[in-house]
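J.: Structure below; questions to follow.
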Amino acid sequence: MNECYYDKRMDFFYNRSNTDTADEWTGTKLVIVLCVGTFFCLFIFFSNSLVIAAVIKNRKFHFPFYYLLANLAAADFFAGIAYVFLMFNTGPVSKTLTVNRWFLRQGLLDTSLTASLTNLLVIAVERHMSIMRMRIHSNLTKKRVTLLILCIWAIAIFMGAVPTLGWNCLCDISACSSLAPIYSRSYLIFWTVSNLVAFFIMVVVYLRIYMYVKRKTNVLSPHTSGSISRRKTPMKLMKTVMTVLGAFVVCWTPGLVVLLLDGLNCTQCGVQHVKRWFLLLALLNSVMNPIIYSYKDEDMYSTMKKMICCFSQEKNLDRRPSRLPSTILSRSDTGSQYKEDSSSQGTVCNKNSS
């Protein structure tokens, strides 16, 4: 019967896998990684919160596609949390972690990837339902969309917890991988191959939908009485999703390939030397998505811009009353004009939020 090592700290597993967690995480490289990672995480929290708030506040976005887009932003926000937790529990600290804490660290990353991947698959289904009927949005009810979002997170949490539930190498130390010292190589192969296959399927599905939309739009345009912008909207939404999918595949594929090589026990592939940089590349995906939303969708860009402007205006208005008494006493006309400007600015912000 194999001996199990649940009570060991991670230094035992790192030493067995010959993984150096100290030398490569010191000096200039450590400072660069931490600074870049911190900046990315702060931007992820701010920008994805802005996307979610924009979908909530703007009634133009109260449709299934945008609800799912907001959930994708929530997955990116969650990825930011996972990376913050990783930054405080990596490098030399990795060897001091308990098995359960290390499982939590990796489980958060796996959950964020699965949430984004599953969300993109659901968006593909939603777009297919819409496009086949040549509609801008599908007829999914809010209740069904909410149920889909709950299913997405249930699947993501389950997949992130699979190694903790038993698919690990704690009782079969010879099967442990190098990059993830308590993940079994068989699990890494399953995990990476399933994700890479899902990537391939999504790319094929989205390309087929995109070509169908393009063909239908070209055929129907001369015979459609609707406005040009309305006819182009399905294509614009598809281009947005295609760009998001492309960024997702480009940012995550190198890291998954490295994990696959590790699962295949490729000792000559030098996976230890590139793991840190491919992890930053995966983090970059959560940074890129809000930029893609605002760049590809004019309504999203204008809503986010107005929200930022209104927030800055409200902060300025909160500071001005301290100078108001002297202004009113010296120049009553200026004071009345200030009041009018304040009320008009508040009206504009209220209109923008509707």
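We label chains A, B, ... in the order they appear in the structure tokens, count residues from 1 in each chain, and number ligands from 1 in the order shown.
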Can you pull out every residue within 12 Å of Thr141 (chain A), counting only C-alpha atoms, but drop anything in the same chain fewer than 2 positions away, and send it as a list in words?

T.: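 The contact residues come out as His62, Phe63, Pro64, Phe65, Tyr67, Glu126, His137, Ser138, Asn139, Lys143, Arg144, Val145, Thr146, Leu147 and Leu148 of chain A.
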
J.: Looking at only C-alpha atoms, which of A:Lys57, A:Lys216, A:Arg101, A:Lys275 is the one that sits closest to Arg135 (chain A)?

T.: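 Counting only C-alpha atoms, the residue closest to Arg135 (chain A) is A:Lys216.
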
J.: Which residues are close to region 291-299 of chain A, i.e. within 8 Å by only C-alpha atoms, leaving aside same-chain residues fewer than 5 positions away? Reply as a list of chain:residue names.

T.: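 That gives A:Lys236, A:Leu237, A:Lys239, A:Thr240, A:Thr243, A:Val244, A:Met304.
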